[in-house]
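The file my_file_23.txt comes next; it holds compact mmCIF, C-alpha atoms.
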# COMPACT_ATOMS: atom_id res chain seq x y z
CA MET A 115 131.26 107.46 99.12
CA THR A 116 134.98 106.94 98.64
CA ASP A 117 137.25 103.99 98.05
CA HIS A 118 140.12 104.77 100.43
CA LYS A 119 140.90 102.12 103.01
CA ALA A 120 142.01 101.51 106.57
CA LYS A 121 144.19 98.60 107.63
CA LEU A 122 143.27 96.61 110.73
CA THR A 123 146.24 94.82 112.27
CA ILE A 124 145.22 91.90 114.50
CA GLY A 125 148.57 90.49 115.49
CA PRO A 126 152.16 90.06 114.35
CA ASN A 127 151.54 86.71 112.65
CA LYS A 128 148.28 87.59 110.88
CA PRO A 129 147.85 89.61 107.71
CA ALA A 130 146.31 93.05 107.98
CA ILE A 131 142.64 93.37 107.00
CA ASP A 132 141.67 96.07 104.52
CA LEU A 133 138.52 97.95 105.46
CA ASN A 134 136.77 100.46 103.23
CA ILE A 135 136.31 104.01 104.58
CA LEU A 136 133.03 105.61 103.53
CA ASP A 137 132.33 109.35 103.50
CA GLY A 138 128.86 110.82 103.74
CA THR A 139 127.87 114.31 102.64
CA LEU A 140 128.22 115.52 106.26
CA GLY A 141 129.66 114.06 109.44
CA PRO A 142 132.58 111.78 110.29
CA SER A 143 133.90 109.09 107.97
CA VAL A 144 132.68 105.55 108.58
CA ILE A 145 134.78 102.39 108.58
CA ASP A 146 132.94 99.60 106.78
CA VAL A 147 133.32 96.49 108.98
CA THR A 148 130.81 94.29 107.14
CA GLY A 149 133.64 92.05 105.92
CA LEU A 150 135.03 91.32 109.39
CA GLN A 151 132.70 88.37 109.97
CA LYS A 152 134.36 86.43 107.15
CA GLN A 153 137.66 87.00 108.94
CA GLY A 154 136.24 85.61 112.17
CA TYR A 155 135.70 88.91 114.02
CA PHE A 156 132.86 91.16 115.17
CA THR A 157 133.02 94.67 116.58
CA TYR A 158 131.99 95.46 120.17
CA ASP A 159 130.07 98.71 120.68
CA PRO A 160 127.56 98.77 123.59
CA GLY A 161 124.86 101.33 122.93
CA PHE A 162 125.98 101.55 119.27
CA MET A 163 127.47 104.98 119.91
CA SER A 164 130.26 104.39 117.36
CA THR A 165 128.28 102.30 114.88
CA ALA A 166 126.38 103.43 111.80
CA ALA A 167 123.70 100.76 111.40
CA CYS A 168 122.32 102.20 108.18
CA GLU A 169 122.73 104.78 105.45
CA SER A 170 120.12 107.56 105.55
CA LYS A 171 119.29 110.79 103.73
CA ILE A 172 116.67 112.06 106.18
CA THR A 173 118.16 113.80 109.23
CA TYR A 174 121.62 114.99 110.22
CA ILE A 175 122.84 115.97 113.69
CA ASP A 176 126.13 117.63 114.65
CA GLY A 177 126.03 117.46 118.43
CA ASP A 178 129.26 119.43 118.93
CA LYS A 179 128.01 122.39 116.91
CA GLY A 180 124.35 122.14 117.94
CA VAL A 181 123.06 121.48 114.41
CA LEU A 182 119.89 119.59 113.42
CA LEU A 183 118.92 119.35 109.75
CA TYR A 184 115.79 117.79 108.25
CA ARG A 185 116.68 116.86 104.66
CA GLY A 186 119.34 119.60 104.83
CA TYR A 187 117.09 122.34 106.25
CA PRO A 188 117.99 123.78 109.70
CA ILE A 189 115.38 122.98 112.33
CA GLU A 190 115.26 126.65 113.39
CA GLN A 191 114.17 127.74 109.89
CA LEU A 192 111.53 125.04 109.62
CA ALA A 193 110.10 125.73 113.08
CA GLU A 194 109.88 129.47 112.46
CA GLN A 195 108.85 129.58 108.80
CA SER A 196 107.12 126.29 108.04
CA ASP A 197 104.40 124.18 109.63
CA PHE A 198 104.23 120.57 110.73
CA LEU A 199 102.42 119.10 107.72
CA GLU A 200 104.87 120.79 105.36
CA VAL A 201 107.68 119.26 107.40
CA CYS A 202 105.92 115.88 107.13
CA TYR A 203 105.91 116.22 103.34
CA LEU A 204 109.60 117.13 103.42
CA LEU A 205 110.60 114.15 105.56
CA LEU A 206 108.55 111.73 103.49
CA ASN A 207 109.53 113.02 100.05
CA GLY A 208 112.92 114.68 100.44
CA GLU A 209 111.89 118.11 99.14
CA LEU A 210 109.66 120.95 100.27
CA PRO A 211 106.30 120.94 98.47
CA THR A 212 105.04 123.46 95.97
CA ALA A 213 101.87 125.31 96.93
CA ALA A 214 99.77 122.83 94.93
CA GLN A 215 101.56 119.82 96.43
CA LYS A 216 101.14 121.17 99.94
CA ASN A 217 97.45 121.82 99.41
CA GLN A 218 96.92 118.27 98.10
CA PHE A 219 98.98 116.74 100.92
CA ASN A 220 96.99 118.60 103.57
CA LYS A 221 93.73 117.42 101.98
CA THR A 222 94.98 113.83 101.89
CA ILE A 223 95.95 113.86 105.55
CA ASN A 224 92.62 115.43 106.51
CA ASN A 225 90.77 112.71 104.59
CA HIS A 226 92.43 110.06 106.77
CA THR A 227 91.89 111.60 110.22
CA LEU A 228 88.86 109.51 111.17
CA ALA A 229 89.55 106.28 113.04
CA HIS A 230 87.55 103.18 112.18
CA GLU A 231 84.33 103.33 114.20
CA GLN A 232 84.95 99.94 115.80
CA ILE A 233 88.14 101.31 117.36
CA ARG A 234 85.87 103.32 119.68
CA SER A 235 84.76 100.01 121.21
CA PHE A 236 88.36 98.82 121.39
CA PHE A 237 89.06 101.41 124.09
CA ASN A 238 86.57 99.77 126.44
CA GLY A 239 89.04 96.95 126.98
CA PHE A 240 91.40 99.27 128.86
CA ARG A 241 91.12 100.49 132.44
CA ARG A 242 90.28 104.17 132.74
CA ASP A 243 93.50 104.79 134.68
CA ALA A 244 95.76 102.99 132.18
CA HIS A 245 98.79 104.99 131.11
CA PRO A 246 97.98 106.51 127.69
CA MET A 247 101.24 105.17 126.23
CA ALA A 248 100.13 101.63 127.11
CA VAL A 249 96.88 102.31 125.30
CA MET A 250 98.66 103.79 122.29
CA VAL A 251 100.93 100.75 121.96
CA GLY A 252 97.89 98.52 121.81
CA VAL A 253 95.61 100.65 119.64
CA VAL A 254 98.23 101.62 117.03
CA GLY A 255 99.38 98.01 116.74
CA ALA A 256 95.74 96.98 116.28
CA LEU A 257 95.33 99.26 113.26
CA ALA A 258 96.71 96.41 111.16
CA ALA A 259 93.51 94.52 112.02
CA PHE A 260 91.40 97.34 110.57
CA TYR A 261 93.33 98.38 107.46
CA HIS A 262 94.18 95.21 105.55
CA ASP A 263 94.46 97.07 102.26
CA SER A 264 97.84 98.69 103.02
CA LEU A 265 99.90 95.86 104.52
CA ASP A 266 101.98 94.81 101.51
CA ILE A 267 105.31 96.40 102.39
CA ASN A 268 106.69 95.65 98.93
CA ASN A 269 104.02 97.82 97.31
CA PRO A 270 105.04 101.52 97.29
CA GLU A 271 101.39 102.60 97.11
CA HIS A 272 100.56 100.57 100.21
CA ARG A 273 103.49 102.09 102.07
CA THR A 274 102.35 105.59 101.11
CA THR A 275 98.77 104.90 102.20
CA ALA A 276 99.98 103.48 105.52
CA ALA A 277 102.10 106.59 106.07
CA PHE A 278 99.14 108.89 105.43
CA ARG A 279 96.93 106.89 107.78
CA LEU A 280 99.44 106.84 110.60
CA ILE A 281 100.25 110.56 110.42
CA ALA A 282 96.56 111.47 110.18
CA LYS A 283 95.15 109.13 112.82
CA MET A 284 97.75 109.53 115.56
CA PRO A 285 96.26 112.82 116.89
CA THR A 286 92.79 111.28 116.77
CA LEU A 287 93.86 108.20 118.73
CA ALA A 288 95.89 110.30 121.19
CA ALA A 289 92.91 112.56 121.92
CA MET A 290 90.73 109.47 122.35
CA CYS A 291 93.19 108.19 124.98
CA TYR A 292 92.82 111.41 126.93
CA LYS A 293 89.05 111.61 126.62
CA TYR A 294 88.68 107.98 127.68
CA SER A 295 90.82 108.56 130.79
CA ILE A 296 88.63 111.44 132.00
CA GLY A 297 85.29 109.92 131.03
CA GLN A 298 84.38 112.42 128.32
CA PRO A 299 82.96 111.49 124.91
CA PHE A 300 85.32 111.22 121.98
CA MET A 301 85.41 114.22 119.66
CA TYR A 302 85.50 113.57 115.93
CA PRO A 303 88.21 115.33 113.89
CA GLN A 304 87.24 118.46 111.96
CA ASN A 305 88.74 118.46 108.48
CA HIS A 306 88.48 122.23 108.07
CA MET A 307 91.00 122.66 110.89
CA GLY A 308 94.78 122.50 110.69
CA TYR A 309 96.70 119.56 112.16
CA ALA A 310 97.61 121.06 115.55
CA GLU A 311 94.34 122.98 115.82
CA ASN A 312 92.37 119.79 115.18
CA PHE A 313 94.30 117.93 117.86
CA LEU A 314 93.71 120.61 120.50
CA ASN A 315 90.05 120.72 119.54
CA MET A 316 89.69 116.95 119.97
CA MET A 317 91.49 117.20 123.32
CA PHE A 318 89.57 120.04 124.92
CA SER A 319 86.21 120.52 123.19
CA THR A 320 83.08 118.62 124.17
CA PRO A 321 79.79 118.01 122.33
CA ALA A 322 78.14 120.30 124.88
CA GLU A 323 80.58 123.15 124.40
CA LYS A 324 82.61 123.33 121.23
CA THR A 325 85.47 125.82 121.37
CA SER A 326 88.02 127.14 118.90
CA PRO A 327 91.63 126.57 119.97
CA ASN A 328 93.65 129.72 120.72
CA PRO A 329 95.86 130.58 117.69
CA VAL A 330 98.92 131.24 119.89
CA LEU A 331 98.54 127.86 121.58
CA THR A 332 97.87 126.17 118.25
CA ARG A 333 101.07 127.58 116.81
CA ALA A 334 102.99 126.41 119.88
CA MET A 335 101.57 122.89 119.47
CA ASP A 336 102.53 122.90 115.80
CA ARG A 337 106.11 123.89 116.68
CA ILE A 338 106.33 121.15 119.28
CA PHE A 339 105.31 118.65 116.59
CA THR A 340 107.88 120.08 114.17
CA LEU A 341 110.74 120.06 116.68
CA HIS A 342 110.10 116.41 117.56
CA ALA A 343 109.37 115.10 114.05
CA ASP A 344 112.69 113.29 113.68
CA HIS A 345 116.03 112.95 115.41
CA GLU A 346 118.18 110.58 113.38
CA GLN A 347 118.90 107.02 114.63
CA ASN A 348 117.66 107.30 118.21
CA ALA A 349 116.38 104.36 120.26
CA SER A 350 112.78 104.42 119.01
CA THR A 351 113.72 105.02 115.37
CA SER A 352 116.25 102.19 115.53
CA THR A 353 113.52 100.02 117.05
CA VAL A 354 111.17 100.82 114.16
CA ARG A 355 113.92 99.98 111.67
CA LEU A 356 114.81 96.72 113.40
CA ALA A 357 111.16 95.64 113.65
CA GLY A 358 110.63 96.67 110.02
CA SER A 359 113.65 94.70 108.88
CA THR A 360 111.70 91.51 109.65
CA GLY A 361 108.99 92.46 107.16
CA ALA A 362 106.53 93.39 109.91
CA ASN A 363 103.64 95.63 108.86
CA PRO A 364 104.03 99.40 109.40
CA PHE A 365 101.43 99.60 112.17
CA ALA A 366 103.28 96.96 114.19
CA CYS A 367 106.57 98.77 113.58
CA ILE A 368 105.22 102.12 114.76
CA SER A 369 103.71 100.42 117.81
CA ALA A 370 107.19 99.07 118.59
CA GLY A 371 108.57 102.60 118.25
CA ILE A 372 105.95 103.90 120.69
CA ALA A 373 106.95 101.21 123.20
CA ALA A 374 110.61 102.24 122.93
CA LEU A 375 109.71 105.91 123.21
CA TRP A 376 107.86 105.25 126.45
CA GLY A 377 111.14 104.83 128.37
CA PRO A 378 111.94 107.73 130.74
CA ALA A 379 115.42 108.08 129.25
CA HIS A 380 113.87 108.74 125.82
CA GLY A 381 110.39 110.18 125.32
CA GLY A 382 109.59 110.47 129.00
CA ALA A 383 112.26 113.09 129.68
CA ASN A 384 109.93 116.10 129.47
CA GLU A 385 107.53 114.51 131.96
CA ALA A 386 110.49 113.78 134.24
CA ALA A 387 111.61 117.42 133.98
CA LEU A 388 108.18 118.65 135.06
CA ASN A 389 108.09 116.13 137.92
CA MET A 390 111.48 117.47 139.04
CA LEU A 391 110.10 121.02 139.20
CA ARG A 392 107.27 119.75 141.37
CA GLU A 393 109.74 117.91 143.60
CA ILE A 394 111.70 121.13 144.12
CA GLY A 395 108.43 122.73 145.12
CA SER A 396 109.48 126.30 145.85
CA GLU A 397 112.13 128.83 144.86
CA ASP A 398 113.82 128.76 148.27
CA ARG A 399 114.64 125.06 147.76
CA ILE A 400 116.41 125.56 144.41
CA ASP A 401 119.88 126.12 145.92
CA HIS A 402 119.59 122.83 147.81
CA PHE A 403 118.87 120.92 144.61
CA ILE A 404 121.60 122.73 142.69
CA LYS A 405 124.09 121.63 145.37
CA ARG A 406 122.84 118.08 145.03
CA ALA A 407 123.23 118.23 141.24
CA LYS A 408 126.85 119.35 141.65
CA ASP A 409 127.68 116.68 144.25
CA PRO A 410 129.37 113.75 142.45
CA ASN A 411 128.30 111.43 145.28
CA ASP A 412 124.61 112.29 144.95
CA ASN A 413 122.49 110.39 142.42
CA PHE A 414 120.15 113.35 141.93
CA ARG A 415 120.11 114.73 138.38
CA LEU A 416 118.59 117.91 137.04
CA MET A 417 116.19 116.63 134.40
CA GLY A 418 115.91 118.64 131.20
CA PHE A 419 119.54 119.79 131.21
CA GLY A 420 122.25 118.52 128.88
CA HIS A 421 121.80 115.97 126.10
CA ARG A 422 123.48 112.72 125.12
CA VAL A 423 124.04 113.90 121.56
CA TYR A 424 124.28 117.69 121.85
CA LYS A 425 127.46 118.96 123.50
CA ASN A 426 126.37 122.46 122.60
CA TYR A 427 123.01 124.20 122.99
CA ASP A 428 120.21 121.98 121.68
CA PRO A 429 119.01 123.87 118.56
CA ARG A 430 115.44 122.78 119.28
CA ALA A 431 115.67 124.32 122.76
CA LYS A 432 116.31 127.79 121.29
CA VAL A 433 113.00 127.69 119.41
CA MET A 434 111.18 125.97 122.26
CA ARG A 435 112.35 128.60 124.75
CA THR A 436 110.76 131.39 122.71
CA THR A 437 107.60 129.35 122.21
CA CYS A 438 107.45 128.55 125.92
CA HIS A 439 107.51 132.20 126.92
CA GLU A 440 104.89 133.07 124.28
CA VAL A 441 102.56 130.47 125.77
CA LEU A 442 103.24 131.55 129.36
CA ASP A 443 102.44 135.14 128.41
CA GLU A 444 99.27 134.09 126.60
CA VAL A 445 97.85 132.02 129.45
CA GLY A 446 99.12 134.27 132.23
CA LEU A 447 101.28 131.70 134.01
CA HIS A 448 104.62 133.51 134.17
CA ASP A 449 104.02 134.28 137.84
CA SER A 450 102.84 130.83 138.93
CA PRO A 451 105.11 129.08 141.50
CA LEU A 452 105.99 126.18 139.21
CA PHE A 453 107.04 128.36 136.33
CA ARG A 454 108.98 130.74 138.55
CA ILE A 455 111.03 127.74 139.66
CA ALA A 456 111.59 126.79 136.04
CA LEU A 457 112.68 130.27 135.03
CA LYS A 458 115.10 130.55 137.94
CA LEU A 459 116.61 127.15 137.11
CA GLU A 460 116.95 128.23 133.50
CA LYS A 461 118.79 131.40 134.56
CA ILE A 462 121.19 129.44 136.78
CA ALA A 463 121.94 126.90 134.04
CA LEU A 464 122.73 129.64 131.53
CA GLU A 465 124.96 131.65 133.90
CA ASP A 466 126.54 129.23 136.41
CA ASP A 467 130.12 128.23 135.48
CA TYR A 468 129.51 124.62 136.58
CA PHE A 469 126.68 124.15 134.07
CA ILE A 470 128.44 126.12 131.33
CA GLN A 471 131.69 124.13 131.64
CA LYS A 472 129.82 120.81 131.63
CA LYS A 473 127.58 122.09 128.82
CA LEU A 474 124.45 121.30 130.80
CA TYR A 475 122.24 123.71 128.91
CA PRO A 476 118.44 123.53 129.15
CA ASN A 477 117.30 121.12 126.44
CA VAL A 478 114.10 120.80 124.45
CA ASP A 479 112.55 118.52 127.09
CA PHE A 480 112.88 121.20 129.77
CA TYR A 481 110.96 123.78 127.74
CA SER A 482 108.48 121.40 126.11
CA GLY A 483 107.39 119.99 129.47
CA ILE A 484 106.69 123.48 130.78
CA THR A 485 104.92 124.47 127.57
CA LEU A 486 102.74 121.37 127.38
CA SER A 487 101.70 121.87 130.99
CA ALA A 488 100.77 125.48 130.25
CA LEU A 489 98.73 124.25 127.27
CA GLY A 490 96.69 122.13 129.68
CA ILE A 491 98.18 118.80 128.59
CA PRO A 492 98.46 116.40 131.59
CA PRO A 493 101.97 114.98 132.18
CA ALA A 494 100.88 111.42 131.35
CA MET A 495 100.12 112.65 127.82
CA PHE A 496 103.51 114.29 127.22
CA THR A 497 105.11 111.22 125.65
CA VAL A 498 101.98 110.64 123.58
CA ILE A 499 102.47 114.12 122.08
CA PHE A 500 106.04 113.09 121.30
CA ALA A 501 104.74 109.95 119.58
CA ILE A 502 102.34 111.96 117.41
CA ALA A 503 105.20 114.14 116.22
CA ARG A 504 107.75 111.36 115.77
CA THR A 505 105.43 109.13 113.72
CA VAL A 506 106.41 110.88 110.49
CA GLY A 507 110.09 110.39 111.27
CA TRP A 508 109.56 106.73 112.10
CA ILE A 509 107.56 106.03 108.94
CA SER A 510 110.07 107.96 106.79
CA HIS A 511 112.95 105.84 108.11
CA TRP A 512 110.89 102.66 107.76
CA ASN A 513 110.07 103.47 104.14
CA GLU A 514 113.67 104.45 103.39
CA MET A 515 114.86 101.11 104.77
CA ILE A 516 112.28 99.05 102.84
CA SER A 517 113.21 100.90 99.63
CA SER A 518 116.96 100.39 100.05
CA PRO A 519 118.80 97.81 97.92
CA ASP A 520 120.71 96.91 101.10
CA TYR A 521 117.48 96.00 102.94
CA ARG A 522 117.95 92.91 105.08
CA ILE A 523 116.85 91.64 108.46
CA GLY A 524 118.72 93.20 111.38
CA ARG A 525 120.87 90.79 113.37
CA PRO A 526 123.20 92.35 115.97
CA ARG A 527 125.96 90.09 117.30
CA GLN A 528 127.35 89.73 120.81
CA LEU A 529 130.48 89.24 122.88
CA TYR A 530 129.69 86.00 124.68
CA THR A 531 131.11 85.72 128.23
CA GLY A 532 129.00 82.83 129.58
CA PRO A 533 130.04 79.25 130.37
CA THR A 534 131.90 77.20 127.81
CA GLU A 535 130.32 73.97 126.58
CA ARG A 536 129.50 71.52 129.38
CA ASN A 537 127.61 68.24 129.72
CA PHE A 538 124.18 67.85 131.27
CA VAL A 539 124.18 66.33 134.79
CA PRO A 540 121.12 64.32 135.95
CA ILE A 541 119.37 65.96 138.88
CA ASP A 542 120.23 63.18 141.35
CA ASP A 543 123.95 63.60 140.61
CA ARG A 544 124.08 67.37 141.10
CA LYS A 545 125.74 68.74 144.21
Can you present the structure in this file as structure tokens?
Amino acid sequence: MTDHKAKLTIGPNKPAIDLNILDGTLGPSVIDVTGLQKQGYFTYDPGFMSTAACESKITYIDGDKGVLLYRGYPIEQLAEQSDFLEVCYLLLNGELPTAAQKNQFNKTINNHTLAHEQIRSFFNGFRRDAHPMAVMVGVVGALAAFYHDSLDINNPEHRTTAAFRLIAKMPTLAAMCYKYSIGQPFMYPQNHMGYAENFLNMMFSTPAEKTSPNPVLTRAMDRIFTLHADHEQNASTSTVRLAGSTGANPFACISAGIAALWGPAHGGANEAALNMLREIGSEDRIDHFIKRAKDPNDNFRLMGFGHRVYKNYDPRAKVMRTTCHEVLDEVGLHDSPLFRIALKLEKIALEDDYFIQKKLYPNVDFYSGITLSALGIPPAMFTVIFAIARTVGWISHWNEMISSPDYRIGRPRQLYTGPTERNFVPIDDRK
């Protein structure tokens, strides 16, 4: 933080307003406008693209350079050299664990993987064909009705317990959503398994035929979780913070985050990318869709290319691309029609001047959608996978906000453009 200032000049007959300029450890300087309200002004910033709504030490993004750091560590290093639960510890605590700390953290998460037995009955209230994200919003929000002993947000121990429960139970609940939709019995978690391995086991094993998840596929699932664990102040994270600012319990806040993530412009992008590949249908139709994507008068967009934040190659996409090809090799799908379309699109995007100049590189959603499909995950579950991974980011930001001395309820303002004050007219006198 620094104490240098900017001067805001409103008009020739009004004194200039001094505004503090704050510097973080990385990124652009921030003009502190908190004092403008006393001067009779607000700022106007639709989408909050130029507004820092909070101070955070968790994640940093440099979209121009293609940089993503969790607590200072590059995402590429964490995805290649770490694992998801170690990344969870890092996001929650600010530092990588020692071997003893990691071992204890893994045990703690494993001890919380079971869902309350009555939650099994809770699923019967949903239609079998309900979208799994609709089910997740309801079930995760309902956890507050089952775990009364960790709802005091002012108690650090309660917040920690809630974090453990949410991280541990999300894969269990997600797998239950899938099993319920296809009419198969729920599979209990196995505490001797790793996080990603346990999830795949609950998804695809049955009581009649228990199988061990493929290590290559398990590693791919773990990387997907790691790459999606946090992404700074995105729509769902901001939703969790805003809900949490009211004092709402953590389960309700994470449920709100899941609801925000459900939007196709946010967590649904990888499902949209896969649907686009299916719409293209065959390799000989690719040129037609490329022409449509380049036509400024056509509303068609290539899903999974470009990113609102990254104006360079998405650093997560680099790791996801390698993982995607590892999975395709392992399951023998490189030659399937759908994946041939994907690979040809990828080649065009990386070589075509139009895409290069507009920086429309394949993003993490493009590769993760292909990879999840190859893993056998149905498209309706893609955003649920995202929610499992992002839970640790959400709860880390929620806890950081609650712990901050600047914690207060969120209250965005508006630029009002409606009618000015007017008097009520009785209905018989209206024309």
> If we count all atoms listed in the file, what is near region 526-537 of chain A at a cut-off of 12 Å, once residues fewer than 5 positions away on the same chain are taken out, given as a list in words?
Replying inline: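 The residues that qualify are Thr148, Gln151, Tyr155, Phe156, Thr157, Tyr158, Asp159, Pro160, Gly161, Phe162, Thr165, Ala167, Leu356 and Arg544 of chain A.
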>> As an exercise, work out the distance from CA of Leu452 (chain A) to CA of Phe496 (chain A) in Å and give it to one decimal place.
In response: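 Distance between the two atoms: 17.1 Å.
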> Which residue gives the smallest distance to Ser359 (chain A) among A:Tyr261, A:Tyr521, A:Phe240, A:Tyr424, with only C-alpha atoms counted?
Replying inline: A:Tyr521
> Out of A:Ala343, A:Ala334, A:Ile499, A:Val539, which residue has the shortest atom-to-atom distance to Tyr203 (chain A) when counting only C-alpha atoms?
Replying inline: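 Looking at the shortest contact to Tyr203 (chain A), the residue is A:Ala343.
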>> Taking all atoms listed in the file into account, name the residue in A:Arg504, A:Arg273, A:Lys425, A:Lys405 that is nearest to Pro285 (chain A).
In response: A:Arg504
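The two atoms in question, CA of Tyr475 (chain A) and CA of Ile172 (chain A), are spaced 26.1 Å apart.
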Given 6 Å on each side, where is the centre and what are the edge lengths in Å to one decimal of the axis-aligned box enclosing the listed atoms of region 278-289 of chain A, as JSON?
{"center_x": 96.5, "center_y": 109.8, "center_z": 113.7, "size_x": 19.5, "size_y": 18.0, "size_z": 28.5}
Is there a way to get, as an mmCIF file with C-alpha atoms, in the coordinates of the input, all residues within 6 Å of the point (107.3, 117.6, 130.0) in file coordinates, counting all atoms listed in the file?
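Okay, point-v7.cif is ready:
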data_model
loop_
_atom_site.group_PDB
_atom_site.id
_atom_site.type_symbol
_atom_site.label_atom_id
_atom_site.label_comp_id
_atom_site.auth_asym_id
_atom_site.auth_seq_id
_atom_site.Cartn_x
_atom_site.Cartn_y
_atom_site.Cartn_z
ATOM 1 C CA ASN A 384 109.930 116.100 129.470
ATOM 2 C CA GLU A 385 107.530 114.510 131.960
ATOM 3 C CA ALA A 387 111.610 117.420 133.980
ATOM 4 C CA LEU A 388 108.180 118.650 135.060
ATOM 5 C CA SER A 482 108.480 121.400 126.110
ATOM 6 C CA GLY A 483 107.390 119.990 129.470
ATOM 7 C CA ILE A 484 106.690 123.480 130.780
ATOM 8 C CA PHE A 496 103.510 114.290 127.220
#
>> Could you check the closest approach to Val445 (chain A) for each of A:Asn220, A:Asn328, A:Asn127, A:Asn134 and tell me which residue wins, using only C-alpha atoms?
In response: A:Asn328
